[in-house]
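Since the structure comes first, as structure tokens, the remarks are kept for the end.
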Amino acid sequence: MAVWKCNICGYLYDETTGDLTSSIPPGTPFAAIPDTWRCPICHADKTVFIQVSEESPDVTSFPTVSEAIIENLVHFGITEYFGVPGTSSLGIIDAIRKHEKAQFTLFRHEENAAMAASAYNKLTGKIAACVTIAGPGATNLATGLYDAKEDRASVLSINGQVEMQYAGPGGFQEIDQDAFFRPVTVYNNTIYDKKMAVKILTMAVQHAVVRSGVAQISVPNDIQKQEIDPEYTEVRGVIPSLIIRPDTQTIQKAIDLIVSSTNPVILAGWGAYPYSDLIASFAERIDAPILSTFRAKGIFPDDHPMYAGVLGTVGSSGARIMVEEADLLITLGVGFSKMTRVPEHIRILQIDYDPLRLGKGKDTLPVYGDVGEVISELLLILPQSSHSHAQEKVSAVKKPWEEVRRKEAEDLSVPIRPPFIMDVLSRVIPPDAIISIDVGENGWWFGRNFRMNGQKFVMSGYLATMGFGFPGAIAGKIAYPEKPVFCITGDGGFAMAMGDFVTAVKYNLPMVVIVLNNHELGMIRVEQQIEKYPNFATTLHNPDFMMYARSCGGDGIRVEKPEELESAVLWAMDQQCPVIVDIITDPRRFP
């Protein structure tokens, strides 16, 4: 049985398999095909075909490089793949198709796929992989991968590359991907030799996990399809433990510092998020109020007696005064973002697993270690505080702040005011929900006015990229299919990602998309106001989001009056499909 190639488009006719699209049965010799037959791809006639092989290319005795890659990734627990297939990634895509434990989600834009992969790691701690083609597919990943880089999320990017003989100037859909991805990655390589495929892959996964970042591998199209000897497919390497414990001397210094303080305050960051129970015990032991960064919002319910709220641009003035008056600030996994504005002129006990982040401020004891491990060590030795004023201090901060937010939520103006929206959402979103928020006024009001009650939320932290909210929600539903999922976004941010609403419909991912539709880039309006610029180029012309949702196969509802909002959200929660709740709201922060 021979294989014949079309010299126009490259289609291969295999006599072993025939051409079922043209009703030519397997085993039909090329010479026996009627002369009227045409190439099923470009419609060229038989005369342009040449014989290229006596053997079927599908008859293999060894796995392909692509199959070895996916087999090893599944071994490392990487089973979710987000992306867009194409010419230079077909081998990898087919290997995903063949593997029973690999799940591919087809996105409509690679940027959304990358942001979903970033969100997936932030929510679960597990890695999802982006898969796309060389050139434009690879470059489209950039924003989502930069989000992962800035927020220290582990993501693997597997990109096709053109056949090496076509690489270089003038290559079709070819760029220097090693150079392009270098600034965003902790590991970056191209597989030029099939024997190195598994070794390179293992190094990529190790770097992504250990260094908490993006690892990128490019695989040329021709290498993807090559068979690889089993000698080179065995799993090599393991993921090491990331638990970091400080030495005894440092622990004692930390204890001495805590015991000597009379007004300590705890600031919990993203690195502390998994350890809420330990931190609560620690706070009670040393009688210290707890504040959190915006990213760590939800580490405690808003009504927790030791939690005083968020510190930073979405926090209260009381929280700012509390931390400024502290004689010891204990930071737990805090990134010291300018949005949090951590005071660095006071004594700080700084605990972080990243040594490069340690040493902030001028009077700081840096403790290198995992927050959970350090707190556990401290609790073994620390004495109970001799005073018990923390809950009283927390109450003194929270009561006036709650009163401010309550009064704001009483405003029943039309267009609907954002504080009212957040008050309703605080009451109706279930405690077990996953919430993905966007960047802009929607995120500002969420951080300031939404009351957490056990929900888990995800955001674009340091990059603060508009358009993160919706792909983050897709990732949340894929990661936690049994939980209710909400996206809180603005009309500007949602418009950047709304093409993938059909992805949520296609894969039957029920969720509620709350669009704060103020027909404006509201955050930019505020920034212009702060810097004394006149308002310019911020107004938006929007589609009908309700009708858009329905045209995609989901559902939608438009809300223009405050009294309609709660019932609309409850209705949306009952639908077994993705739903957009289009809320017409006011672009002004304060009337």
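By order in the structure tokens, chains are A, B, ...; within a chain, residues start at 1; ligands start at 1, following the order shown.
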
Exercise. Looking only at the backbone, which of the residues in region 182-424 of chain A does DSSP tag as strand (DSSP E), as number ranges by chain?
Worked result: A: 185-190, 214-220, 264-268, 290-292, 307-310, 328-332, 348-352, 364-368

Q | DSSP-assigned alpha helix (DSSP H) among region 96-248 of chain A, expressed as a ChimeraX atom specification | A | /A:96-98,110-124,136-140,142-150,177-181,197-210,221-224,248

* Asked: Using only C-alpha atoms, which residues sit within 12 Å of Leu570 (chain A) once same-chain residues fewer than 4 positions away are excluded, as a PyMOL selection string?
  -> chain A and resi 424-425+427-430+484+511-512+514+557+564-566+574-575+579+581

Please list as a PyMOL selection string every residue within 10 Å of Gly77 (chain A), counting only C-alpha atoms and excluding residues in the same chain fewer than 3 positions away.
chain A and resi 72-74+80+101-102+126-128

field: Residue among A:Phe30, A:Asp370, A:Ile437, A:Ile421 lying closest to Ala568 (chain A), counting only C-alpha atoms
entry: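 Checking each candidate against Ala568 (chain A), we get A:Ile421 as the closest.
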
Within 10 Å of Val371 (chain A), counting only C-alpha atoms, which residues qualify if same-chain residues fewer than 3 places away don't, as a ChimeraX atom specification? /A:243-245,268-269,271-275,278-279,331-333,350-353,367-368,374-377

One residue among A:Phe450, A:Tyr146, A:Phe545, A:Phe294 is nearest to Asp491 (chain A) when using only C-alpha atoms, and that residue is A:Phe545

Residues near region 465-476 of chain A, anyone? I mean within 7 Å using only C-alpha atoms, not counting same-chain ones fewer than 6 positions away, as number ranges by chain. A: 112, 115-117, 119-120, 434-439, 459, 485-489, 493-494, 496-497, 504

* Would you list the contacts of region 159-162 of chain A as an NGL selection string, taking every protein, DNA or RNA residue within 6 Å and counting only C-alpha atoms, but skipping same-chain residues closer than 6 positions in sequence? => :A and (88-89 or 131-134 or 218-221)

Selection from above, N, CA, C and O atoms, as a PDB file, in the first residue's frame, can you write it?
```
ATOM      1  N   SER A  88       0.648  24.259  13.051  1.00  0.00           N
ATOM      2  CA  SER A  88       1.909  23.891  13.692  1.00  0.00           C
ATOM      3  C   SER A  88       1.741  23.232  15.055  1.00  0.00           C
ATOM      4  O   SER A  88       2.729  22.969  15.739  1.00  0.00           O
ATOM      5  N   SER A  89       0.496  22.935  15.446  1.00  0.00           N
ATOM      6  CA  SER A  89       0.283  22.238  16.721  1.00  0.00           C
ATOM      7  C   SER A  89      -0.590  20.992  16.570  1.00  0.00           C
ATOM      8  O   SER A  89      -1.046  20.437  17.565  1.00  0.00           O
ATOM      9  N   VAL A 131      -2.136  25.683  24.848  1.00  0.00           N
ATOM     10  CA  VAL A 131      -1.647  25.038  23.626  1.00  0.00           C
ATOM     11  C   VAL A 131      -2.113  25.861  22.435  1.00  0.00           C
ATOM     12  O   VAL A 131      -3.301  26.137  22.284  1.00  0.00           O
ATOM     13  N   THR A 132      -1.166  26.249  21.581  1.00  0.00           N
ATOM     14  CA  THR A 132      -1.548  26.991  20.391  1.00  0.00           C
ATOM     15  C   THR A 132      -0.456  26.867  19.335  1.00  0.00           C
ATOM     16  O   THR A 132       0.483  26.094  19.495  1.00  0.00           O
ATOM     17  N   ILE A 133      -0.596  27.637  18.279  1.00  0.00           N
ATOM     18  CA  ILE A 133       0.302  27.515  17.136  1.00  0.00           C
ATOM     19  C   ILE A 133       1.470  28.492  17.240  1.00  0.00           C
ATOM     20  O   ILE A 133       1.514  29.355  18.113  1.00  0.00           O
ATOM     21  N   ALA A 134       2.377  28.374  16.313  1.00  0.00           N
ATOM     22  CA  ALA A 134       3.494  29.312  16.213  1.00  0.00           C
ATOM     23  C   ALA A 134       3.003  30.684  15.779  1.00  0.00           C
ATOM     24  O   ALA A 134       1.891  30.844  15.263  1.00  0.00           O
ATOM     25  N   SER A 218       8.435  25.288  22.864  1.00  0.00           N
ATOM     26  CA  SER A 218       8.027  25.282  21.465  1.00  0.00           C
ATOM     27  C   SER A 218       8.440  23.950  20.852  1.00  0.00           C
ATOM     28  O   SER A 218       9.550  23.462  21.105  1.00  0.00           O
ATOM     29  N   VAL A 219       7.537  23.380  20.047  1.00  0.00           N
ATOM     30  CA  VAL A 219       7.809  22.077  19.427  1.00  0.00           C
ATOM     31  C   VAL A 219       7.585  22.209  17.920  1.00  0.00           C
ATOM     32  O   VAL A 219       6.450  22.387  17.470  1.00  0.00           O
ATOM     33  N   PRO A 220       8.661  22.146  17.117  1.00  0.00           N
ATOM     34  CA  PRO A 220       8.493  22.230  15.664  1.00  0.00           C
ATOM     35  C   PRO A 220       7.538  21.169  15.135  1.00  0.00           C
ATOM     36  O   PRO A 220       7.481  20.040  15.660  1.00  0.00           O
ATOM     37  N   ASN A 221       6.809  21.546  14.123  1.00  0.00           N
ATOM     38  CA  ASN A 221       5.764  20.690  13.565  1.00  0.00           C
ATOM     39  C   ASN A 221       6.285  19.316  13.148  1.00  0.00           C
ATOM     40  O   ASN A 221       5.644  18.288  13.397  1.00  0.00           O
TER      41      ASN A 221
END
```

In Å, rounded to a single decimal, give me how far CA of Pro343 (chain A) is from CA of Glu324 (chain A).
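CA of Pro343 (chain A) lies 6.8 Å from CA of Glu324 (chain A).
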
The distance between CA of Gly318 (chain A) and CA of Lys398 (chain A) is 7.7 Å

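Nearest to Lys456 (chain A) of all the residues A:Phe300, A:Tyr307, A:Phe536, A:Tyr192 is A:Phe300, based on only C-alpha atoms.
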
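Checking A:Val414, A:Leu516, A:Ala288, A:Met547 one by one against Pro264 (chain A), counting only C-alpha atoms, you find the shortest gap at A:Ala288.
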